[in-house]
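Next up, input_10.txt (compact mmCIF, C-alpha atoms):
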# COMPACT_ATOMS: atom_id res chain seq x y z
CA MET L 1 140.71 99.76 122.90
CA THR L 2 141.78 103.05 124.50
CA GLU L 3 144.76 104.17 126.53
CA ARG L 4 144.98 106.63 129.39
CA SER L 5 147.19 109.69 129.02
CA VAL L 6 149.34 108.50 131.95
CA ASP L 7 150.36 105.48 129.88
CA LEU L 8 151.62 107.67 127.01
CA SER L 9 154.57 109.97 126.51
CA ALA L 10 153.96 113.71 126.20
CA ALA L 11 154.85 113.43 122.50
CA ASP L 12 152.23 110.71 122.01
CA VAL L 13 149.57 112.74 123.85
CA ARG L 14 150.44 115.77 121.73
CA ALA L 15 150.12 113.70 118.54
CA VAL L 16 146.68 112.40 119.53
CA LEU L 17 145.39 115.84 120.50
CA THR L 18 146.83 117.46 117.36
CA ASP L 19 146.10 114.86 114.69
CA GLY L 20 143.42 112.60 116.14
CA ASP L 21 139.82 112.60 114.96
CA LEU L 22 137.95 115.03 117.21
CA ALA L 23 134.42 114.06 118.28
CA ILE L 24 132.35 116.47 120.39
CA GLU L 25 130.52 114.77 123.25
CA GLY L 26 128.97 117.73 125.04
CA ARG L 27 129.35 121.32 126.22
CA LEU L 28 130.63 122.71 129.51
CA VAL L 29 127.82 125.19 130.05
CA GLU L 30 129.44 127.08 132.96
CA ALA L 31 132.08 128.57 130.65
CA SER L 32 131.51 132.04 129.16
CA ASN L 33 133.01 130.99 125.81
CA THR L 34 132.15 127.87 123.82
CA THR L 35 133.92 125.06 125.70
CA LEU L 36 133.34 121.55 124.45
CA TYR L 37 133.92 118.15 126.03
CA ALA L 38 135.40 115.94 123.33
CA ASN L 39 137.41 112.85 122.46
CA ALA L 40 140.48 112.81 120.22
CA THR L 41 141.15 109.42 118.64
CA ARG L 42 144.23 108.34 116.70
CA GLY L 43 144.51 104.68 115.88
CA ALA L 44 143.80 102.64 119.01
CA VAL L 45 144.24 105.60 121.34
CA SER L 46 141.40 107.88 122.46
CA LEU L 47 141.90 110.78 124.88
CA THR L 48 139.31 112.98 126.54
CA CYS L 49 139.94 116.67 125.94
CA VAL L 50 138.49 120.16 126.03
CA TYR L 51 138.04 121.87 122.66
CA LYS L 52 137.65 125.67 122.56
CA PRO L 53 136.98 126.83 118.99
CA ILE L 54 137.97 130.37 118.09
CA ALA L 55 134.54 130.79 116.46
CA GLY L 56 132.94 130.43 119.91
CA GLU L 57 134.97 133.14 121.65
CA ARG L 58 132.99 136.00 123.14
CA PRO L 59 134.42 139.43 122.18
CA LEU L 60 136.18 141.25 125.03
CA TRP L 61 136.91 144.96 125.28
CA ASP L 62 140.52 144.51 126.40
CA PHE L 63 141.71 141.58 124.23
CA PRO L 64 141.75 141.36 120.42
CA ASP L 65 138.99 139.22 118.94
CA GLY L 66 139.87 135.65 118.04
CA THR L 67 143.03 135.46 120.17
CA LEU L 68 141.96 133.58 123.29
CA ALA L 69 142.77 130.10 121.97
CA GLY L 70 146.28 131.21 121.10
CA ARG L 71 146.73 132.54 124.62
CA GLU L 72 145.63 129.17 126.02
CA VAL L 73 148.35 127.46 123.97
CA GLY L 74 150.89 130.12 124.91
CA ALA L 75 150.21 129.57 128.61
CA TYR L 76 150.87 125.86 128.16
CA LEU L 77 154.17 126.58 126.39
CA VAL L 78 155.31 128.77 129.30
CA SER L 79 154.27 126.05 131.76
CA GLU L 80 156.21 123.49 129.75
CA ALA L 81 159.29 125.72 129.68
CA THR L 82 159.30 126.09 133.47
CA GLY L 83 159.04 122.33 134.01
CA TRP L 84 156.33 122.96 136.62
CA ASP L 85 153.57 121.19 134.66
CA VAL L 86 150.91 123.61 135.90
CA VAL L 87 148.89 123.68 132.65
CA PRO L 88 147.57 120.52 130.97
CA LEU L 89 149.00 119.78 127.54
CA THR L 90 147.34 122.16 125.08
CA VAL L 91 147.63 122.41 121.29
CA MET L 92 146.14 124.47 118.47
CA ARG L 93 144.28 122.39 115.92
CA ASP L 94 141.39 122.35 113.49
CA GLY L 95 138.14 120.75 114.58
CA PRO L 96 134.43 120.35 113.80
CA LEU L 97 133.83 124.06 114.57
CA GLY L 98 137.07 125.31 113.07
CA PRO L 99 140.50 126.00 114.57
CA GLY L 100 140.83 126.30 118.33
CA ALA L 101 142.66 125.19 121.45
CA CYS L 102 142.51 121.53 122.44
CA GLN L 103 143.54 120.65 126.00
CA LEU L 104 143.97 117.28 127.67
CA TRP L 105 141.16 116.56 130.13
CA ILE L 106 142.30 116.25 133.77
CA ASP L 107 140.42 114.00 136.19
CA ILE L 108 140.20 115.83 139.51
CA ASP L 109 140.12 114.52 143.06
CA GLU L 110 136.38 114.67 143.76
CA ASP L 111 137.06 114.51 147.51
CA ALA L 112 139.41 117.51 147.54
CA ASP L 113 138.31 120.50 149.64
CA LEU L 114 138.99 123.37 147.27
CA LEU L 115 138.47 126.05 149.90
CA ALA L 116 140.94 124.34 152.25
CA LEU L 117 143.39 123.98 149.35
CA LEU L 118 143.14 127.69 148.59
CA HIS L 119 144.10 128.54 152.18
CA SER L 120 146.98 126.08 152.24
CA ASP L 121 150.69 126.44 151.53
CA HIS L 122 150.57 123.86 148.74
CA PRO L 123 153.77 124.04 146.65
CA GLY L 124 151.72 123.69 143.47
CA LEU L 125 149.76 126.82 144.33
CA ARG L 126 153.01 128.69 145.01
CA ARG L 127 154.21 127.77 141.53
CA LEU L 128 150.88 128.80 140.01
CA ALA L 129 151.09 132.18 141.76
CA VAL L 130 154.44 132.82 140.07
CA PHE L 131 153.26 131.41 136.75
CA ASP L 132 150.22 133.70 136.80
CA ALA L 133 152.47 136.70 137.43
CA VAL L 134 154.59 135.73 134.43
CA VAL L 135 151.69 135.30 132.01
CA ASN L 136 149.69 138.17 133.57
CA ASN L 137 146.61 136.04 134.23
CA ALA L 138 143.56 138.29 134.52
CA ASP L 139 141.21 135.60 135.83
CA ARG L 140 142.62 133.03 138.28
CA LYS L 141 139.43 131.85 139.94
CA GLY L 142 139.31 129.04 142.49
CA GLY L 143 137.28 126.99 140.04
CA HIS L 144 140.17 127.14 137.57
CA LEU L 145 142.28 124.97 139.88
CA LEU L 146 142.25 121.21 139.30
CA PRO L 147 143.61 119.15 142.22
CA THR L 148 144.33 115.54 141.29
CA VAL L 149 144.25 112.37 143.37
CA GLY L 150 148.05 112.28 143.33
CA GLY L 151 148.26 115.73 144.91
CA HIS L 152 149.29 117.69 141.82
CA VAL L 153 147.39 120.90 141.04
CA TYR L 154 146.78 122.16 137.51
CA GLY L 155 145.43 125.51 136.39
CA VAL L 156 143.11 125.94 133.40
CA ASP L 157 141.32 128.73 131.49
CA HIS L 158 144.17 130.96 130.35
CA GLY L 159 142.44 132.83 127.53
CA VAL L 160 142.89 136.21 129.21
CA CYS L 161 146.65 136.15 129.71
CA PHE L 162 149.60 138.03 128.20
CA ALA L 163 148.09 141.54 128.10
CA THR L 164 150.63 144.37 127.97
CA ASP L 165 148.97 146.24 130.85
CA ASP L 166 149.23 144.79 134.36
CA LYS L 167 146.03 142.77 134.80
CA LEU L 168 146.97 140.13 137.37
CA ARG L 169 143.75 139.12 139.10
CA THR L 170 143.86 136.01 141.25
CA VAL L 171 142.74 134.24 144.41
CA LEU L 172 146.38 133.33 145.15
CA TRP L 173 147.70 136.36 147.05
CA GLN L 174 148.65 134.63 150.32
CA TRP L 175 152.40 134.87 149.59
CA ARG L 176 152.37 138.46 148.32
CA GLY L 177 155.60 140.30 149.03
CA THR L 178 157.39 137.28 150.52
CA PRO L 179 160.76 136.13 149.10
CA LEU L 180 160.82 133.78 146.14
CA PRO L 181 162.69 130.50 146.79
CA ASP L 182 166.06 130.07 145.11
CA ASP L 183 164.80 127.25 142.88
CA VAL L 184 162.00 129.48 141.59
CA LEU L 185 164.50 132.25 140.85
CA ASP L 186 166.64 129.73 138.97
CA THR L 187 163.61 128.64 136.94
CA LEU L 188 162.72 132.26 136.14
CA ALA L 189 166.27 132.98 135.02
CA ALA L 190 166.17 129.99 132.67
CA LEU L 191 162.72 131.06 131.45
CA ARG L 192 164.03 134.53 130.62
CA THR L 193 166.66 132.93 128.40
CA GLU L 194 164.02 130.75 126.74
CA LEU L 195 161.82 133.78 126.08
CA ALA L 196 164.69 135.30 124.12
CA GLY L 197 165.13 132.06 122.19
CA ASP L 198 162.99 129.13 121.06
CA LEU L 199 160.07 129.78 123.43
CA GLY L 200 159.88 133.38 122.29
CA ALA L 201 159.82 132.24 118.67
CA GLU L 202 156.90 129.91 119.39
CA LEU L 203 154.98 132.59 121.29
CA LYS L 204 155.33 135.05 118.39
CA ALA L 205 152.76 132.98 116.51
CA LEU L 206 150.30 133.19 119.41
CA ILE L 207 150.62 136.67 120.98
CA THR L 208 151.72 140.08 119.73
CA PRO L 209 155.35 141.29 119.75
CA ARG L 210 154.45 143.86 122.41
CA GLU L 211 152.88 141.17 124.57
CA LEU L 212 156.00 139.02 124.25
CA THR L 213 158.16 141.99 125.29
CA ALA L 214 155.85 142.63 128.26
CA THR L 215 156.18 138.97 129.30
CA ARG L 216 159.96 139.28 129.33
CA ARG L 217 159.69 142.44 131.41
CA ARG L 218 157.45 140.73 133.95
CA VAL L 219 160.04 137.97 134.37
CA ASP L 220 162.75 140.62 134.72
CA ARG L 221 160.71 142.33 137.44
CA LEU L 222 160.25 139.11 139.39
CA LEU L 223 163.98 138.46 139.17
CA ARG L 224 164.75 141.99 140.28
CA ASP L 225 162.27 142.09 143.18
CA ARG L 226 162.96 138.46 144.20
CA SER L 227 159.50 138.27 145.77
CA TYR L 228 155.96 137.19 145.04
CA PRO L 229 153.94 139.94 143.33
CA GLN L 230 151.85 142.49 145.19
CA PRO L 231 148.35 143.60 144.08
CA GLY L 232 148.39 146.74 141.97
CA ASP L 233 146.30 149.88 142.45
CA GLY L 234 144.73 150.22 139.02
CA TRP L 235 143.05 146.81 138.58
CA PRO L 236 140.83 144.63 140.83
CA ALA L 237 143.11 142.19 142.65
CA VAL L 238 140.58 139.34 142.94
CA PRO L 239 138.27 138.05 140.16
CA TRP L 240 134.53 138.15 140.64
CA PRO L 241 133.06 135.74 141.35
CA PRO L 242 136.16 134.20 142.98
CA PHE L 243 134.99 130.65 142.08
Represent the structure from my file as structure tokens, please.
Amino acid sequence: MTERSVDLSAADVRAVLTDGDLAIEGRLVEASNTTLYANATRGAVSLTCVYKPIAGERPLWDFPDGTLAGREVGAYLVSEATGWDVVPLTVMRDGPLGPGACQLWIDIDEDADLLALLHSDHPGLRRLAVFDAVVNNADRKGGHLLPTVGGHVYGVDHGVCFATDDKLRTVLWQWRGTPLPDDVLDTLAALRTELAGDLGAELKALITPRELTATRRRVDRLLRDRSYPQPGDGWPAVPWPPF
């Protein structure tokens, strides 16, 4: 007997992903780092998930080795703090290939037109554009967007977030320079408080103190400018390939 994640509370899903027996079923070969399709089973409950072991991370010139899984978990914690639910539930855990990030699998809408979605004014994409500015996402490709049958849109692959230098690189620039809605500003203000409190304490175990300070400053800048971010001059604005 198995249960779907929609039938469980977030706490129950977290418990299964964190403490369940992890069985690798296959590999997602398109990913540049080791990304494994797996099942986490705890008692009668089995959930499909994505397991990214630290041991399978490819070294990068601009991020410390062995830190990408922590950044994946940190991105989820920021998503959770905003209440926007833009990142699937993600935990750090041990597994068959050692410690790594474990993220709930999201079933996508196979009939969704991703290109049409990218050119739309979908409120979920607006939230993701702000979220990416907060976490300084250096690689928001179109293929990292997961539209669901219910209309919700998730973002995945957040291993290259939280750098101290401005590295925002995304396909979501259609609102650049336009005013942020009041509810988004309210969320950012609450997030800034959380970053100075419990959320900040959790992130300290996942990113460096300088990266946490830079995250706070990015939120401060969004609150000051009251607008969606603009592309910078010193970094490519769009990832390549864009999908």
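For the choices L:Leu117, L:Val160, L:Leu191, L:Ala11, the atom-to-atom distance to Glu57 (chain L) is smallest for L:Val160 when using all atoms listed in the file.
Distances from L:Glu211, L:Asp225, L:Asp139, L:Asp111 to Val238 (chain L) were compared using all atoms listed in the file, and the smallest one belongs to L:Asp139.
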| query | Which residues, written as number ranges by chain, have at least one atom at most 9 Å from region 29-40 of chain L, with only C-alpha atoms counted and residues fewer than 4 positions away on the same chain left out? | reply | L: 16-25, 45-58, 105
Hey, can you pull every residue with an atom no more than 12 Å from (157.5, 127.9, 130.7), using all atoms listed in the file, and send it as a CSV table (one decimal) with C-alpha atoms, keeping the file's coordinate frame?
chain,number,residue,atom,x,y,z
L,73,VAL,CA,148.4,127.5,124.0
L,74,GLY,CA,150.9,130.1,124.9
L,75,ALA,CA,150.2,129.6,128.6
L,76,TYR,CA,150.9,125.9,128.2
L,77,LEU,CA,154.2,126.6,126.4
L,78,VAL,CA,155.3,128.8,129.3
L,79,SER,CA,154.3,126.0,131.8
L,80,GLU,CA,156.2,123.5,129.8
L,81,ALA,CA,159.3,125.7,129.7
L,82,THR,CA,159.3,126.1,133.5
L,83,GLY,CA,159.0,122.3,134.0
L,84,TRP,CA,156.3,123.0,136.6
L,85,ASP,CA,153.6,121.2,134.7
L,86,VAL,CA,150.9,123.6,135.9
L,87,VAL,CA,148.9,123.7,132.6
L,127,ARG,CA,154.2,127.8,141.5
L,128,LEU,CA,150.9,128.8,140.0
L,130,VAL,CA,154.4,132.8,140.1
L,131,PHE,CA,153.3,131.4,136.8
L,132,ASP,CA,150.2,133.7,136.8
L,134,VAL,CA,154.6,135.7,134.4
L,135,VAL,CA,151.7,135.3,132.0
L,184,VAL,CA,162.0,129.5,141.6
L,187,THR,CA,163.6,128.6,136.9
L,188,LEU,CA,162.7,132.3,136.1
L,189,ALA,CA,166.3,133.0,135.0
L,190,ALA,CA,166.2,130.0,132.7
L,191,LEU,CA,162.7,131.1,131.4
L,192,ARG,CA,164.0,134.5,130.6
L,193,THR,CA,166.7,132.9,128.4
L,194,GLU,CA,164.0,130.8,126.7
L,195,LEU,CA,161.8,133.8,126.1
L,198,ASP,CA,163.0,129.1,121.1
L,199,LEU,CA,160.1,129.8,123.4
L,200,GLY,CA,159.9,133.4,122.3
L,202,GLU,CA,156.9,129.9,119.4
L,203,LEU,CA,155.0,132.6,121.3
L,215,THR,CA,156.2,139.0,129.3
L,216,ARG,CA,160.0,139.3,129.3
L,219,VAL,CA,160.0,138.0,134.4
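Going from CA of Leu172 (chain L) over to CA of Asp62 (chain L), you cover 22.6 Å.
The interatomic distance for the pair CA of Asp233 (chain L) and CA of Leu145 (chain L) works out to 25.4 Å.
In terms of minimum interatomic distance to Cys102 (chain L), L:Asp157 ranks closest within L:Asp7, L:Asp186, L:Asp157, L:Asp65, counting only C-alpha atoms.
Closest approach to Phe63 (chain L) among L:Lys204, L:Arg221, L:Lys167, L:Lys141: L:Lys167, based on only C-alpha atoms.
Nearest residue to Gly159 (chain L) among L:Glu72, L:Asp94, L:Asp182, L:Asp121 is L:Glu72, counting all atoms listed in the file.
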| field | Separation of CA of Thr170 (chain L) from CA of Gly100 (chain L), in Å and rounded to one decimal | value | 25.1 Å
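Across L:Asp183, L:Asp166, L:Asp109, L:Asp12, the tightest approach to Pro147 (chain L) is made by L:Asp109 when counting all atoms listed in the file.
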